[in-house]
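Undergrad: Handing you this structure, nothing more for now.
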Amino acid sequence: MRTWSWLLAFGMTAAAGRVVTFDNEQLGKTPPEWTVAMTNHGHAPRWEIVKDLTAATQPYVFAQVSADPVRDRFPLAIFNDATFRDGDVSVRLKPVSGHYVQAGGIVWRYRDENNYYVARANALDTNVQVFKVENGRREPLMAGVHHEIPSNGWSILKVSARGNRFQVYVDHRRILQGWDNTFLSSGKVGLWTVADSVTYFDDFRINPR
């Protein structure tokens, strides 16, 4: 009975993986299925449910709303109920504000707040890039690709991971592919922002393979 209740609450189907819409959560709170963390230093992140009537599934979205301008500050929200090595993860993201950066990303193969991969979409720099964070240091795995990411508009970001290969899609179009052998074991997945980015997220989808 508990499993069935969880499926209903999150709109999850076994055939299509898990879909988290956030619409049944408590406004102003971090959902209990998520753990808040941060890489490096700065003010603590604030992840909470907010209302956004522009979202594809209304009325609520998940948002990182603290705006600390420390440039190497990386707020994280990690989904507790999914761990896998290979699969697809996607989310709708909306960069709302940020003087230095307006960005959001997907984390995969997360071990802890200092070790994981992240695919990042940046509205101010109009690019998408993949990084590894190892022992707290962020390192690009390849040059970023120019791509328009609208400020105060929604985009769909997706990561497909198979072994040491990853592919990144924006709005269903593949724009990046690369290989890396740093993190090859299973890990958690989650969401990411940087510095003073205030970013909204919705429709978090997880499909292990």
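Residue numbering restarts at 1 in every chain; chains get A, B, ... in the order shown in the structure tokens, and ligands count up from 1 in that same order.
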Find the residues around range 133-137 of chain A up to 6 Å (only C-alpha atoms counted), leave out those fewer than 4 positions away in its own chain, and share them as a list in words.

TA: Asn114, Asn115 and Tyr116 of chain A

Undergrad: What's the 6 Å shell around Lys29 in chain A, counting only C-alpha atoms, without same-chain residues fewer than 3 positions away, as JSON, numbers by chain?

TA: {"A": [26, 48, 49]}

Undergrad: Restricting it to N, CA, C and O atoms, dump the selection as a PDB file, in the first residue's frame.

TA:
```
ATOM      1  N   GLN A  26       4.301  20.453  -0.442  1.00  0.00           N
ATOM      2  CA  GLN A  26       3.915  21.571   0.405  1.00  0.00           C
ATOM      3  C   GLN A  26       4.657  22.834  -0.009  1.00  0.00           C
ATOM      4  O   GLN A  26       5.890  22.852  -0.076  1.00  0.00           O
ATOM      5  N   GLU A  48      13.035  24.910  -2.389  1.00  0.00           N
ATOM      6  CA  GLU A  48      11.668  24.860  -1.882  1.00  0.00           C
ATOM      7  C   GLU A  48      10.670  24.822  -3.032  1.00  0.00           C
ATOM      8  O   GLU A  48      10.996  25.148  -4.180  1.00  0.00           O
ATOM      9  N   ILE A  49       9.463  24.413  -2.690  1.00  0.00           N
ATOM     10  CA  ILE A  49       8.372  24.391  -3.663  1.00  0.00           C
ATOM     11  C   ILE A  49       7.788  25.801  -3.799  1.00  0.00           C
ATOM     12  O   ILE A  49       7.493  26.463  -2.792  1.00  0.00           O
TER      13      ILE A  49
END
```

Undergrad: Excluding Leu124 in chain A and any residue of its chain fewer than 4 positions from it, enumerate the residues within 10 Å of it, using only C-alpha atoms, and give them as a PyMOL selection string.

TA: chain A and resi 95+97-103+148-151

Undergrad: State, in Å with one decimal place, the distance from CA of Leu191 in chain A to CA of Val89 in chain A.

TA: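 Between CA of Leu191 in chain A and CA of Val89 in chain A the gap is 10.3 Å.
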
Undergrad: Excluding Lys188 in chain A and its own-chain neighbours fewer than 4 positions away, which residues fall within 6 Å of it when counting only C-alpha atoms? Please give them as a ChimeraX atom specification.

TA: /A:82-83,109-110

Undergrad: Have a look at A:Ala55, A:Val130, A:Val194, A:Val65 and name the one nearest to Met38 in chain A; count only C-alpha atoms.

TA: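 Smallest separation from Met38 in chain A among the options: A:Val194.
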
Undergrad: For Val128 in chain A, list every protein, DNA or RNA residue within 6 Å, evaluated using only C-alpha atoms, and leave out those in the same chain fewer than 6 positions away; present the list as a list in words.

TA: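 My list of contacting residues is Arg120, Ala121, Gly144 and Val145 of chain A.
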
Undergrad: Export, as an mmCIF file, in the first residue's frame, the selected residues with all heavy atoms.

TA:
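Heads up, here's the output in again-v4.cif:
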```
data_model
loop_
_atom_site.group_PDB
_atom_site.id
_atom_site.type_symbol
_atom_site.label_atom_id
_atom_site.label_comp_id
_atom_site.auth_asym_id
_atom_site.auth_seq_id
_atom_site.Cartn_x
_atom_site.Cartn_y
_atom_site.Cartn_z
ATOM 1 N N ARG A 120 25.212 21.260 -17.481
ATOM 2 C CA ARG A 120 24.730 22.587 -17.097
ATOM 3 C C ARG A 120 24.284 23.389 -18.314
ATOM 4 O O ARG A 120 24.965 23.425 -19.342
ATOM 5 C CB ARG A 120 25.867 23.340 -16.396
ATOM 6 C CG ARG A 120 25.506 24.744 -15.948
ATOM 7 C CD ARG A 120 26.675 25.703 -16.157
ATOM 8 N NE ARG A 120 27.007 25.831 -17.574
ATOM 9 C CZ ARG A 120 28.069 26.467 -18.026
ATOM 10 N NH1 ARG A 120 28.934 27.003 -17.183
ATOM 11 N NH2 ARG A 120 28.296 26.570 -19.339
ATOM 12 N N ALA A 121 23.125 24.040 -18.176
ATOM 13 C CA ALA A 121 22.622 24.957 -19.200
ATOM 14 C C ALA A 121 22.649 26.369 -18.629
ATOM 15 O O ALA A 121 22.099 26.614 -17.554
ATOM 16 C CB ALA A 121 21.207 24.579 -19.611
ATOM 17 N N GLY A 144 32.219 23.927 -24.067
ATOM 18 C CA GLY A 144 30.779 24.116 -24.111
ATOM 19 C C GLY A 144 30.278 24.339 -25.526
ATOM 20 O O GLY A 144 31.028 24.755 -26.419
ATOM 21 N N VAL A 145 29.002 24.057 -25.734
ATOM 22 C CA VAL A 145 28.360 24.253 -27.031
ATOM 23 C C VAL A 145 27.409 25.436 -26.933
ATOM 24 O O VAL A 145 26.617 25.537 -25.989
ATOM 25 C CB VAL A 145 27.577 22.985 -27.438
ATOM 26 C CG1 VAL A 145 26.721 23.248 -28.667
ATOM 27 C CG2 VAL A 145 28.529 21.837 -27.689
#
```

Undergrad: Kindly indicate which residue among A:Gly87, A:Gln58, A:Val189, A:Phe131 lies nearest to Trp34 in chain A, using only C-alpha atoms for the distances.

TA: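 Checking each candidate against Trp34 in chain A, we get A:Val189 as the closest.
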
Undergrad: So, with only C-alpha atoms as the atoms that count, which of A:Lys132, A:Arg165, A:His172, A:His43 lies closest to Val91 in chain A?

TA: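 For Val91 in chain A, the nearest of the candidates is A:His172.
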
Undergrad: Taking 4 positions as the minimum chain separation for residues in the same chain, which residues sit within 7 Å of Trp154 in chain A when counting only C-alpha atoms? Answer as a list of chain:residue names.

TA: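 In the requested form, the answer reads A:Arg92, A:Leu93, A:Lys94, A:Pro150.
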
Undergrad: For the selection you just gave me, I'd like the residues written to a file as a JSON list (two decimals), in the first residue's frame, keeping N, CA, C and O atoms.

TA:
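That gives us result09.json:
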```json
[["chain", "number", "residue", "atom", "x", "y", "z"],
["A", 92, "ARG", "N", 12.65, 19.85, -16.83],
["A", 92, "ARG", "CA", 12.38, 21.18, -17.37],
["A", 92, "ARG", "C", 13.01, 22.19, -16.43],
["A", 92, "ARG", "O", 12.84, 22.10, -15.21],
["A", 93, "LEU", "N", 13.73, 23.15, -16.98],
["A", 93, "LEU", "CA", 14.37, 24.16, -16.14],
["A", 93, "LEU", "C", 14.09, 25.57, -16.66],
["A", 93, "LEU", "O", 13.97, 25.78, -17.87],
["A", 94, "LYS", "N", 14.03, 26.50, -15.70],
["A", 94, "LYS", "CA", 13.73, 27.89, -16.01],
["A", 94, "LYS", "C", 14.67, 28.79, -15.20],
["A", 94, "LYS", "O", 14.47, 28.96, -14.00],
["A", 150, "PRO", "N", 16.64, 30.26, -22.73],
["A", 150, "PRO", "CA", 15.91, 31.49, -22.42],
["A", 150, "PRO", "C", 15.88, 31.80, -20.93],
["A", 150, "PRO", "O", 15.64, 30.92, -20.10]]
```

Undergrad: With distances taken over only C-alpha atoms, which of A:Val20, A:Pro32, A:Pro59, A:Gly104 is nearest to Thr193 in chain A?

TA: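 Closest to Thr193 in chain A, using only C-alpha atoms: A:Gly104.
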
Undergrad: Per DSSP on the backbone, what are the strand (DSSP E) residues of chain A, as a VMD selection string?

TA: chain A and resid 18 to 20 34 to 39 47 to 51 60 to 64 74 to 84 87 to 97 103 to 112 115 to 122 127 to 134 137 to 140 145 to 146 155 to 162 165 to 170 173 to 179 187 to 192 198 to 208

Undergrad: Kindly give the distance, in Å, that separates CA of Arg205 in chain A and CA of Val96 in chain A, rounded to a single decimal.

TA: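 These two atoms are separated by 21.1 Å.
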
Undergrad: Select, from A:Phe22, A:Tyr117, A:Phe204, A:Tyr169, the residue with the minimum atom-to-atom distance to Asn181 in chain A, counting only C-alpha atoms.

TA: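 The answer is A:Tyr117, which sits nearest to Asn181 in chain A.
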
Undergrad: Name the closest residue to Arg46 in chain A among the candidates A:Val198, A:Ile206, A:Val70, A:Ile175; distances are taken between atoms, counting only C-alpha atoms.

TA: A:Val198
